[in-house]
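Heads up, the thing below is written out as C-alpha cells.
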Amino acid sequence: MQVLLEGVELRLVRLPLAGAFRTARANRTHRDVLVVQALVADGPSGWAECVAENDPTYWPEYTAGAFRALHYHLVPRVLAGRSMHEVRGHHMAKAALEGAALDAGLRSEGRSLGDFLGVERHQVSTGIALGMAQSVENLVTVATGWVQQGHRALKLKVAPGWDVEPVRAVRAAVGDDVAIVVDANGSYDSDDRAHVNALARLSDETIGVLAIEQPFDPEDLLGHARLARHVDVPVCLDESIGSVRDLETALALGACGAVNLKVGRVGGLVEARRIHDLCLKEGIPVRCGGMLETGLGRAVNLAVAALPACTLPPDLGPSARYYARDITPAFVDRDGTMSVPIGPGLGIEPIKEVLDEVTVNQIILRTPR
Ligand code: MG
C-alpha cells in the first residue's frame, strides 16, 4: 500500500484522566497526547496517537521529546521519501507516524485495520488495570466495583511492600472466576532474596494469578530467566521487549513466558505483528497492553487484542475508564466485552470540535516540492 503524503500535522492535546493512576514508578493525573494526522492530497487523512507519556518513567520516550523527534527528524525524512529507520530508537514516535500513514492508506482502500492485521474475532473481553491504592480496603472496593459492572479480568499494579496482601485480598473478594494479572513495572530487584521470595508467594497457586508482568529491570533478562525457572506462572515481559530481536533473545534465555504487546513500544504495527506471529509460533501467550490511550489508540488495541495469540486479558476498558471526555466518540463495553471497529482504517476519527478545544500546540509540515 502506497500513500502519497502531502504533509503531516502534529498536535499536542491535554486531557485530564477520569481518575489518578498510580504505578510503581509514576502517579498520573492527566495526559499530554501527541496526535498525528497524515495529510493525503486526493484521499482521506489518517490518524494516530503517540502513546509516549508526559514523563519517561515507563519507557525512555516522553511526549515533548516525541514531538521534537517527529518534528525535526522523522517527519522531514518521510516527507523527503527517506526511511524513518535512519533514526535509532524513538519507537513510540515512529509507531504514531507509521500508524497515521497506514490509517490513511486503509481508509482509501475501504479496509479495516482488523482486516489488515488478520483478526479472528470481533468481540474482545475487557481487562481493567488498577493502580496502587491508598489502602487494601480501597483497592478491594474499586476491584469489586468493576467486577460488578461485568468485567472479568483485572490487572493489579504491584511493587515491593504492595503485593501478596492486596492481591490475595482482591482474589478473596472477587472469587475464582475473575482473571488476575499482576504488573510490577520493573520495581523488584532480582538480587534481593526478599523480593524474589515475595514474587514466589505472589505466584502461589492459591492466589491464582495468570502471569507476573515485568518484575525486574527491563535490561535484567537473566534475572527474569532465573525467576521463570523458580515459579510456575508465566513471567510476562513488557518493558524488556522493544522489538522482535529482543523477544528472540528473551526466548533463547528462557526469560519470557508471556508477552505484553504494545504497538507504540515496539515501533509500530508492522513490528507488533512480527512479535505476535513469533509468539503464536512458539506458543507464547500475549496480552495487549495499554497506555491510557484516547479512542485513537483504543481502536488500535481492540484490533490487536483480537489477534489469535492474544489469549491473556488485555489492558482494555471503555473510554469512560480513562477520560471524562475523549477526543473520539466513546467506546463502550457490554458485560465486559467490546467490539473491534469494522469501519475503514481505525474505524473512528477525532471529533473536530473537541480536538480543537483541547489542542495546546499544533504544527503542519508540508512535503517539499
Ligand atoms: Mg506493564
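Ordering of the C-alpha cells sets the chain letters (A, B, ...), residue numbers begin anew at 1 in every chain, and ligands are numbered from 1 in the order given.
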Legend entry - strand (DSSP E) per DSSP on the backbone: members of range 51-272 of chain A, as number ranges by chain: A: 123-125, 128-130, 153-157, 179-183, 212-213, 235-237, 258-261
For Ala66 in chain A, work out the shell of residues within 8 Å, counting only C-alpha atoms and skipping chain neighbours fewer than 3 positions away, then give it as a PDB file with all heavy atoms, in the first residue's frame.
```
ATOM      1  N   LEU A  34       0.198  13.343  21.959  1.00  0.00           N
ATOM      2  CA  LEU A  34       0.609  13.802  20.640  1.00  0.00           C
ATOM      3  C   LEU A  34      -0.258  13.090  19.599  1.00  0.00           C
ATOM      4  O   LEU A  34      -0.265  11.857  19.542  1.00  0.00           O
ATOM      5  CB  LEU A  34       2.090  13.472  20.464  1.00  0.00           C
ATOM      6  CG  LEU A  34       2.778  13.759  19.158  1.00  0.00           C
ATOM      7  CD1 LEU A  34       2.498  15.178  18.689  1.00  0.00           C
ATOM      8  CD2 LEU A  34       4.273  13.582  19.352  1.00  0.00           C
ATOM      9  N   CYS A  50       0.419   9.184  19.537  1.00  0.00           N
ATOM     10  CA  CYS A  50       1.690   8.688  20.060  1.00  0.00           C
ATOM     11  C   CYS A  50       1.462   8.389  21.540  1.00  0.00           C
ATOM     12  O   CYS A  50       0.982   9.242  22.284  1.00  0.00           O
ATOM     13  CB  CYS A  50       2.770   9.754  19.886  1.00  0.00           C
ATOM     14  SG  CYS A  50       4.339   9.297  20.633  1.00  0.00           S
ATOM     15  N   ALA A  52       3.535   7.925  23.934  1.00  0.00           N
ATOM     16  CA  ALA A  52       4.516   8.414  24.909  1.00  0.00           C
ATOM     17  C   ALA A  52       3.787   9.176  26.019  1.00  0.00           C
ATOM     18  O   ALA A  52       2.784   9.846  25.771  1.00  0.00           O
ATOM     19  CB  ALA A  52       5.534   9.320  24.232  1.00  0.00           C
ATOM     20  N   GLU A  61      11.024   7.287  26.039  1.00  0.00           N
ATOM     21  CA  GLU A  61      10.399   8.409  25.329  1.00  0.00           C
ATOM     22  C   GLU A  61       9.416   9.151  26.224  1.00  0.00           C
ATOM     23  O   GLU A  61       8.868   8.585  27.159  1.00  0.00           O
ATOM     24  CB  GLU A  61       9.657   7.896  24.088  1.00  0.00           C
ATOM     25  CG  GLU A  61      10.573   7.331  23.036  1.00  0.00           C
ATOM     26  CD  GLU A  61       9.783   6.721  21.883  1.00  0.00           C
ATOM     27  OE1 GLU A  61       9.417   7.471  20.970  1.00  0.00           O
ATOM     28  OE2 GLU A  61       9.540   5.500  21.929  1.00  0.00           O
ATOM     29  N   TYR A  62       9.188  10.435  25.898  1.00  0.00           N
ATOM     30  CA  TYR A  62       8.178  11.229  26.591  1.00  0.00           C
ATOM     31  C   TYR A  62       7.576  12.193  25.582  1.00  0.00           C
ATOM     32  O   TYR A  62       8.153  12.424  24.509  1.00  0.00           O
ATOM     33  CB  TYR A  62       8.764  11.941  27.810  1.00  0.00           C
ATOM     34  CG  TYR A  62       9.897  12.878  27.505  1.00  0.00           C
ATOM     35  CD1 TYR A  62       9.700  14.247  27.477  1.00  0.00           C
ATOM     36  CD2 TYR A  62      11.176  12.378  27.243  1.00  0.00           C
ATOM     37  CE1 TYR A  62      10.732  15.110  27.195  1.00  0.00           C
ATOM     38  CE2 TYR A  62      12.220  13.241  26.948  1.00  0.00           C
ATOM     39  CZ  TYR A  62      11.992  14.598  26.920  1.00  0.00           C
ATOM     40  OH  TYR A  62      13.016  15.447  26.623  1.00  0.00           O
ATOM     41  N   THR A  63       6.406  12.738  25.904  1.00  0.00           N
ATOM     42  CA  THR A  63       5.610  13.443  24.901  1.00  0.00           C
ATOM     43  C   THR A  63       6.382  14.575  24.220  1.00  0.00           C
ATOM     44  O   THR A  63       6.405  14.657  22.987  1.00  0.00           O
ATOM     45  CB  THR A  63       4.332  14.027  25.543  1.00  0.00           C
ATOM     46  OG1 THR A  63       3.750  13.025  26.369  1.00  0.00           O
ATOM     47  CG2 THR A  63       3.341  14.451  24.491  1.00  0.00           C
ATOM     48  N   ALA A  69      11.191  14.768  18.108  1.00  0.00           N
ATOM     49  CA  ALA A  69      11.721  13.717  17.226  1.00  0.00           C
ATOM     50  C   ALA A  69      10.923  13.673  15.926  1.00  0.00           C
ATOM     51  O   ALA A  69      11.492  13.550  14.832  1.00  0.00           O
ATOM     52  CB  ALA A  69      11.670  12.366  17.929  1.00  0.00           C
ATOM     53  N   LEU A  70       9.613  13.807  16.036  1.00  0.00           N
ATOM     54  CA  LEU A  70       8.782  13.796  14.827  1.00  0.00           C
ATOM     55  C   LEU A  70       9.005  15.071  14.006  1.00  0.00           C
ATOM     56  O   LEU A  70       9.209  15.021  12.800  1.00  0.00           O
ATOM     57  CB  LEU A  70       7.296  13.658  15.212  1.00  0.00           C
ATOM     58  CG  LEU A  70       6.875  12.223  15.535  1.00  0.00           C
ATOM     59  CD1 LEU A  70       5.622  12.202  16.400  1.00  0.00           C
ATOM     60  CD2 LEU A  70       6.652  11.412  14.256  1.00  0.00           C
ATOM     61  N   HIS A  90      13.270   5.865  19.420  1.00  0.00           N
ATOM     62  CA  HIS A  90      12.047   6.666  19.209  1.00  0.00           C
ATOM     63  C   HIS A  90      10.898   5.824  18.659  1.00  0.00           C
ATOM     64  O   HIS A  90      10.212   6.214  17.716  1.00  0.00           O
ATOM     65  CB  HIS A  90      12.350   7.877  18.313  1.00  0.00           C
ATOM     66  CG  HIS A  90      13.335   8.815  18.936  1.00  0.00           C
ATOM     67  ND1 HIS A  90      13.000   9.679  19.939  1.00  0.00           N
ATOM     68  CD2 HIS A  90      14.666   8.956  18.736  1.00  0.00           C
ATOM     69  CE1 HIS A  90      14.080  10.344  20.329  1.00  0.00           C
ATOM     70  NE2 HIS A  90      15.100   9.916  19.632  1.00  0.00           N
ATOM     71  N   MET A  92       7.972   4.969  19.895  1.00  0.00           N
ATOM     72  CA  MET A  92       6.585   5.465  20.009  1.00  0.00           C
ATOM     73  C   MET A  92       6.301   6.545  18.970  1.00  0.00           C
ATOM     74  O   MET A  92       5.199   6.606  18.406  1.00  0.00           O
ATOM     75  CB  MET A  92       6.331   5.979  21.423  1.00  0.00           C
ATOM     76  CG  MET A  92       6.324   4.848  22.450  1.00  0.00           C
ATOM     77  SD  MET A  92       6.218   5.465  24.141  1.00  0.00           S
ATOM     78  CE  MET A  92       5.996   3.889  25.008  1.00  0.00           C
ATOM     79  N   ALA A  93       7.288   7.396  18.717  1.00  0.00           N
ATOM     80  CA  ALA A  93       7.124   8.429  17.688  1.00  0.00           C
ATOM     81  C   ALA A  93       6.984   7.775  16.316  1.00  0.00           C
ATOM     82  O   ALA A  93       6.112   8.145  15.514  1.00  0.00           O
ATOM     83  CB  ALA A  93       8.318   9.385  17.722  1.00  0.00           C
TER      84      ALA A  93
END
```
Neighbouring residues of Pro16 in chain A were defined as those with any atom within 9 Å, considering only C-alpha atoms; residues of the same chain fewer than 4 positions away were excluded. Please report them as a PDB file with N, CA and C atoms, in the first residue's frame.
```pdb
ATOM      1  N   THR A  29      -2.137  12.055  36.466  1.00  0.00           N
ATOM      2  CA  THR A  29      -3.433  12.709  36.631  1.00  0.00           C
ATOM      3  C   THR A  29      -3.971  13.234  35.304  1.00  0.00           C
ATOM      4  N   HIS A  30      -3.087  13.446  34.333  1.00  0.00           N
ATOM      5  CA  HIS A  30      -3.535  13.871  33.004  1.00  0.00           C
ATOM      6  C   HIS A  30      -2.539  13.348  31.980  1.00  0.00           C
ATOM      7  N   ARG A  31      -2.927  13.424  30.723  1.00  0.00           N
ATOM      8  CA  ARG A  31      -2.001  13.043  29.657  1.00  0.00           C
ATOM      9  C   ARG A  31      -1.874  14.172  28.658  1.00  0.00           C
ATOM     10  N   ASP A  32      -0.632  14.455  28.276  1.00  0.00           N
ATOM     11  CA  ASP A  32      -0.384  15.295  27.108  1.00  0.00           C
ATOM     12  C   ASP A  32      -0.211  14.310  25.964  1.00  0.00           C
ATOM     13  N   TYR A 322     -11.038   5.967  31.318  1.00  0.00           N
ATOM     14  CA  TYR A 322      -9.819   6.757  31.167  1.00  0.00           C
ATOM     15  C   TYR A 322     -10.065   8.260  31.126  1.00  0.00           C
ATOM     16  N   TYR A 323     -11.094   8.672  30.351  1.00  0.00           N
ATOM     17  CA  TYR A 323     -11.319  10.096  30.145  1.00  0.00           C
ATOM     18  C   TYR A 323     -12.795  10.439  30.312  1.00  0.00           C
ATOM     19  N   ALA A 324     -13.048  11.530  31.032  1.00  0.00           N
ATOM     20  CA  ALA A 324     -14.429  12.000  31.146  1.00  0.00           C
ATOM     21  C   ALA A 324     -14.936  12.396  29.766  1.00  0.00           C
ATOM     22  N   ARG A 325     -14.047  13.002  28.971  1.00  0.00           N
ATOM     23  CA  ARG A 325     -14.415  13.338  27.599  1.00  0.00           C
ATOM     24  C   ARG A 325     -13.241  12.994  26.687  1.00  0.00           C
TER      25      ARG A 325
END
```
Legend entry - For CA of Ala320 in chain A and CA of Asp356 in chain A, the interatomic separation in Å (one decimal):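 That distance, rounded to one decimal, is 20.2 Å.
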Inset, instruction - Quote the spacing between CA of Gly290 in chain A and CA of Ser83 in chain A in Å to one decimal place. - result: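 CA of Gly290 in chain A sits 27.3 Å away from CA of Ser83 in chain A.
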Inset, instruction - If you run DSSP over the backbone, which residues in range 200-259 of chain A end up alpha helix (DSSP H)? Put them as a PyMOL selection string. - result: chain A and resi 200-202+221-230+244-253
Legend entry - Nearby residues (only C-alpha atoms) at most 9 Å from Pro329 in chain A, same-chain spacing under 6 positions excluded, as a PyMOL selection string: chain A and resi 295+319+348-351
Inset, instruction - Could you tell me which of A:Asp335, A:Glu137, A:Glu9, A:Asp183 comes closest to ligand 1 if we count only C-alpha atoms and all ligand atoms? - result: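 Using only C-alpha atoms and all ligand atoms, the shortest distance to ligand 1 belongs to A:Asp183.
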Legend entry - At most 9 Å from ligand 1 (only C-alpha atoms and all ligand atoms): residue list as an MDAnalysis selection string: chainID A and resid 58 157 182:186 213:214 236:239 260 289:290
Selection to disk with all heavy atoms, as a JSON list (two decimals), in the first residue's frame:
```json
[["chain", "number", "residue", "atom", "x", "y", "z"],
["A", 58, "TYR", "N", 8.12, 5.08, 32.26],
["A", 58, "TYR", "CA", 7.79, 3.72, 31.80],
["A", 58, "TYR", "C", 8.77, 3.31, 30.70],
["A", 58, "TYR", "O", 9.29, 2.20, 30.68],
["A", 58, "TYR", "CB", 6.35, 3.67, 31.28],
["A", 58, "TYR", "CG", 6.08, 2.49, 30.37],
["A", 58, "TYR", "CD1", 5.89, 1.22, 30.90],
["A", 58, "TYR", "CD2", 6.06, 2.64, 28.98],
["A", 58, "TYR", "CE1", 5.69, 0.12, 30.07],
["A", 58, "TYR", "CE2", 5.86, 1.54, 28.15],
["A", 58, "TYR", "CZ", 5.68, 0.30, 28.70],
["A", 58, "TYR", "OH", 5.49, -0.79, 27.87],
["A", 157, "LYS", "N", -1.48, -3.45, 39.73],
["A", 157, "LYS", "CA", -0.10, -2.96, 39.84],
["A", 157, "LYS", "C", 0.44, -3.39, 41.19],
["A", 157, "LYS", "O", -0.24, -3.25, 42.22],
["A", 157, "LYS", "CB", -0.08, -1.44, 39.70],
["A", 157, "LYS", "CG", -0.44, -0.94, 38.31],
["A", 157, "LYS", "CD", 0.64, -1.26, 37.29],
["A", 157, "LYS", "CE", 0.37, -0.58, 35.96],
["A", 157, "LYS", "NZ", 1.38, -0.94, 34.93],
["A", 182, "VAL", "N", -0.70, -9.60, 37.50],
["A", 182, "VAL", "CA", -0.04, -8.56, 38.28],
["A", 182, "VAL", "C", 1.12, -7.96, 37.48],
["A", 182, "VAL", "O", 1.76, -8.65, 36.69],
["A", 182, "VAL", "CB", 0.48, -9.08, 39.65],
["A", 182, "VAL", "CG1", -0.69, -9.49, 40.53],
["A", 182, "VAL", "CG2", 1.47, -10.21, 39.48],
["A", 183, "ASP", "N", 1.36, -6.67, 37.69],
["A", 183, "ASP", "CA", 2.38, -5.95, 36.91],
["A", 183, "ASP", "C", 3.22, -5.10, 37.85],
["A", 183, "ASP", "O", 2.70, -4.23, 38.56],
["A", 183, "ASP", "CB", 1.68, -5.05, 35.88],
["A", 183, "ASP", "CG", 2.66, -4.33, 34.98],
["A", 183, "ASP", "OD1", 3.87, -4.61, 35.05],
["A", 183, "ASP", "OD2", 2.21, -3.45, 34.21],
["A", 184, "ALA", "N", 4.55, -5.36, 37.84],
["A", 184, "ALA", "CA", 5.44, -4.66, 38.78],
["A", 184, "ALA", "C", 6.20, -3.51, 38.15],
["A", 184, "ALA", "O", 6.92, -2.78, 38.84],
["A", 184, "ALA", "CB", 6.43, -5.67, 39.37],
["A", 185, "ASN", "N", 6.10, -3.33, 36.83],
["A", 185, "ASN", "CA", 6.86, -2.27, 36.15],
["A", 185, "ASN", "C", 8.34, -2.24, 36.57],
["A", 185, "ASN", "O", 8.92, -1.17, 36.78],
["A", 185, "ASN", "CB", 6.21, -0.90, 36.38],
["A", 185, "ASN", "CG", 4.89, -0.76, 35.66],
["A", 185, "ASN", "OD1", 3.82, -0.83, 36.28],
["A", 185, "ASN", "ND2", 4.91, -0.62, 34.34],
["A", 186, "GLY", "N", 8.92, -3.42, 36.72],
["A", 186, "GLY", "CA", 10.36, -3.48, 36.98],
["A", 186, "GLY", "C", 10.78, -3.02, 38.36],
["A", 186, "GLY", "O", 11.93, -2.62, 38.55],
["A", 213, "GLU", "N", 3.93, -9.75, 35.50],
["A", 213, "GLU", "CA", 4.49, -8.92, 34.42],
["A", 213, "GLU", "C", 5.65, -8.07, 34.92],
["A", 213, "GLU", "O", 5.54, -7.39, 35.94],
["A", 213, "GLU", "CB", 3.38, -8.03, 33.85],
["A", 213, "GLU", "CG", 3.82, -7.19, 32.68],
["A", 213, "GLU", "CD", 2.63, -6.57, 31.96],
["A", 213, "GLU", "OE1", 1.70, -7.33, 31.61],
["A", 213, "GLU", "OE2", 2.62, -5.35, 31.80],
["A", 214, "GLN", "N", 6.72, -8.11, 34.16],
["A", 214, "GLN", "CA", 7.91, -7.27, 34.32],
["A", 214, "GLN", "C", 8.30, -7.04, 35.78],
["A", 214, "GLN", "O", 8.29, -5.91, 36.26],
["A", 214, "GLN", "CB", 7.69, -5.92, 33.63],
["A", 214, "GLN", "CG", 8.98, -5.17, 33.32],
["A", 214, "GLN", "CD", 9.82, -5.82, 32.23],
["A", 214, "GLN", "OE1", 9.32, -6.19, 31.19],
["A", 214, "GLN", "NE2", 11.12, -5.98, 32.49],
["A", 236, "CYS", "N", 5.83, -12.51, 32.38],
["A", 236, "CYS", "CA", 5.41, -11.77, 31.18],
["A", 236, "CYS", "C", 6.32, -10.55, 31.01],
["A", 236, "CYS", "O", 6.50, -9.79, 31.96],
["A", 236, "CYS", "CB", 3.96, -11.32, 31.36],
["A", 236, "CYS", "SG", 3.28, -10.36, 30.01],
["A", 237, "LEU", "N", 6.89, -10.38, 29.85],
["A", 237, "LEU", "CA", 7.78, -9.23, 29.64],
["A", 237, "LEU", "C", 7.04, -8.10, 28.92],
["A", 237, "LEU", "O", 6.31, -8.33, 27.96],
["A", 237, "LEU", "CB", 9.02, -9.64, 28.84],
["A", 237, "LEU", "CG", 9.95, -10.61, 29.56],
["A", 237, "LEU", "CD1", 11.19, -10.90, 28.71],
["A", 237, "LEU", "CD2", 10.38, -10.08, 30.94],
["A", 238, "ASP", "N", 7.25, -6.89, 29.42],
["A", 238, "ASP", "CA", 6.66, -5.68, 28.83],
["A", 238, "ASP", "C", 7.80, -4.75, 28.43],
["A", 238, "ASP", "O", 8.27, -4.78, 27.29],
["A", 238, "ASP", "CB", 5.71, -5.06, 29.88],
["A", 238, "ASP", "CG", 5.08, -3.74, 29.45],
["A", 238, "ASP", "OD1", 5.49, -3.17, 28.44],
["A", 238, "ASP", "OD2", 4.16, -3.25, 30.15],
["A", 239, "GLU", "N", 8.34, -4.00, 29.40],
["A", 239, "GLU", "CA", 9.38, -3.01, 29.09],
["A", 239, "GLU", "C", 10.65, -3.64, 28.49],
["A", 239, "GLU", "O", 11.44, -2.94, 27.87],
["A", 239, "GLU", "CB", 9.76, -2.22, 30.36],
["A", 239, "GLU", "CG", 8.69, -1.25, 30.85],
["A", 239, "GLU", "CD", 7.76, -1.85, 31.91],
["A", 239, "GLU", "OE1", 7.47, -3.07, 31.83],
["A", 239, "GLU", "OE2", 7.31, -1.10, 32.80],
["A", 260, "ASN", "N", 3.63, -8.86, 26.93],
["A", 260, "ASN", "CA", 2.71, -7.73, 26.86],
["A", 260, "ASN", "C", 3.07, -6.99, 25.58],
["A", 260, "ASN", "O", 4.18, -6.49, 25.42],
["A", 260, "ASN", "CB", 2.90, -6.82, 28.09],
["A", 260, "ASN", "CG", 2.06, -5.55, 28.00],
["A", 260, "ASN", "OD1", 1.89, -4.97, 26.93],
["A", 260, "ASN", "ND2", 1.58, -5.09, 29.13],
["A", 289, "GLY", "N", -1.27, -4.73, 25.78],
["A", 289, "GLY", "CA", -1.10, -3.76, 26.87],
["A", 289, "GLY", "C", -1.70, -2.42, 26.51],
["A", 289, "GLY", "O", -2.00, -2.14, 25.35],
["A", 290, "GLY", "N", -1.89, -1.59, 27.53],
["A", 290, "GLY", "CA", -2.48, -0.27, 27.29],
["A", 290, "GLY", "C", -1.60, 0.84, 27.86],
["A", 290, "GLY", "O", -0.78, 0.62, 28.75]]
```
Legend entry - Using only C-alpha atoms: which of A:Leu221, A:Leu4, A:Leu280, A:Val78 has the shortest distance to Gly254 in chain A: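 Of A:Leu221, A:Leu4, A:Leu280, A:Val78, the one nearest Gly254 in chain A, counting only C-alpha atoms, is A:Leu221.
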Legend entry - Residue nearest His71 in chain A among A:Arg366, A:Arg334, A:Arg152, A:His230 (counting only C-alpha atoms):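 With only C-alpha atoms as the atom set, the closest residue is A:Arg366.
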Inset, instruction - For each of A:Val40, A:Leu278, A:Val167, A:Val340, take the minimum atom-to-atom distance to Arg107 in chain A, counting only C-alpha atoms, then give the residue where this is smallest. - result: A:Val40
Proximity of range 248-316 of chain A to range 17-26 of chain A: per-residue shortest pair, 12 Å limit, only C-alpha atoms, as JSON lines:
```
{"residue": "A:Met291", "atom": "CA", "partner": "A:Phe21", "partner_atom": "CA", "distance": 11.0}
{"residue": "A:Leu292", "atom": "CA", "partner": "A:Leu17", "partner_atom": "CA", "distance": 8.5}
{"residue": "A:Glu293", "atom": "CA", "partner": "A:Leu17", "partner_atom": "CA", "distance": 10.3}
{"residue": "A:Thr294", "atom": "CA", "partner": "A:Leu17", "partner_atom": "CA", "distance": 10.1}
```
Saved selection, atoms kept: N, CA, C and O atoms, as a PDB file, in the first residue's frame:
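After the write, selection.pdb holds the following:
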```pdb
ATOM      1  N   MET A 291      -1.776   2.037  27.309  1.00  0.00           N
ATOM      2  CA  MET A 291      -1.009   3.216  27.741  1.00  0.00           C
ATOM      3  C   MET A 291      -1.965   4.376  28.047  1.00  0.00           C
ATOM      4  O   MET A 291      -1.644   5.523  27.769  1.00  0.00           O
ATOM      5  N   LEU A 292      -3.136   4.064  28.622  1.00  0.00           N
ATOM      6  CA  LEU A 292      -4.140   5.098  28.900  1.00  0.00           C
ATOM      7  C   LEU A 292      -4.465   5.881  27.620  1.00  0.00           C
ATOM      8  O   LEU A 292      -4.517   7.112  27.615  1.00  0.00           O
ATOM      9  N   GLU A 293      -4.691   5.135  26.543  1.00  0.00           N
ATOM     10  CA  GLU A 293      -4.907   5.742  25.231  1.00  0.00           C
ATOM     11  C   GLU A 293      -6.240   6.492  25.139  1.00  0.00           C
ATOM     12  O   GLU A 293      -7.199   6.165  25.831  1.00  0.00           O
ATOM     13  N   THR A 294      -6.266   7.434  24.193  1.00  0.00           N
ATOM     14  CA  THR A 294      -7.531   8.019  23.760  1.00  0.00           C
ATOM     15  C   THR A 294      -8.211   7.003  22.834  1.00  0.00           C
ATOM     16  O   THR A 294      -7.687   5.916  22.589  1.00  0.00           O
TER      17      THR A 294
END
```
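With distances restricted to only C-alpha atoms, A:Cys310 is the closest residue to Val119 in chain A from A:Leu5, A:Val332, A:Cys310, A:Val178.
Proximity ranking of A:Asp103, A:Glu357, A:Glu165, A:Asp191 relative to Ile207 in chain A places A:Glu165 first, based on only C-alpha atoms.
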Inset, instruction - Would you mind listing what lies within 12 Å of Thr206 in chain A as a list in words, with only C-alpha atoms counted and same-chain residues fewer than 3 positions away left out? - result: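 The filter keeps Val164, Val167, Arg168, Ala169, Arg171, Ala172, Gly175, Asp176, Ala200, Arg201, Leu202, Ser203, Val209, Leu210 and Val233 of chain A.
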Inset, instruction - For Leu154 in chain A, work out the shell of residues within 6 Å, counting only C-alpha atoms and skipping chain neighbours fewer than 4 positions away, then give it as a ChimeraX atom specification. - result: /A:127-129,180
Those same residues - all heavy atoms - I'd like them written as a tab-separated table (two decimals), in the first residue's frame.
```
chain	number	residue	atom	x	y	z
A	127	GLY	N	-10.21	-5.86	30.12
A	127	GLY	CA	-9.34	-6.11	31.27
A	127	GLY	C	-9.11	-4.76	31.91
A	127	GLY	O	-8.73	-3.80	31.24
A	128	ILE	N	-9.40	-4.66	33.19
A	128	ILE	CA	-9.31	-3.36	33.85
A	128	ILE	C	-8.02	-3.28	34.66
A	128	ILE	O	-7.77	-4.09	35.56
A	128	ILE	CB	-10.53	-3.13	34.77
A	128	ILE	CG1	-11.83	-3.24	33.96
A	128	ILE	CG2	-10.44	-1.77	35.47
A	128	ILE	CD1	-12.01	-2.19	32.87
A	129	ALA	N	-7.18	-2.31	34.30
A	129	ALA	CA	-5.92	-2.10	35.01
A	129	ALA	C	-6.17	-1.21	36.22
A	129	ALA	O	-6.76	-0.13	36.10
A	129	ALA	CB	-4.89	-1.45	34.08
A	180	ILE	N	-6.76	-12.59	37.01
A	180	ILE	CA	-5.92	-11.53	37.60
A	180	ILE	C	-4.48	-11.67	37.07
A	180	ILE	O	-3.89	-12.75	37.11
A	180	ILE	CB	-5.89	-11.61	39.15
A	180	ILE	CG1	-7.29	-11.37	39.72
A	180	ILE	CG2	-4.90	-10.59	39.72
A	180	ILE	CD1	-7.36	-11.46	41.26
```
Inset, instruction - Report the distance between CA of Ala272 in chain A and CA of Arg245 in chain A in Å, rounded to one decimal place. - result: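 Answer for the CA of Ala272 in chain A to CA of Arg245 in chain A separation: 11.7 Å.
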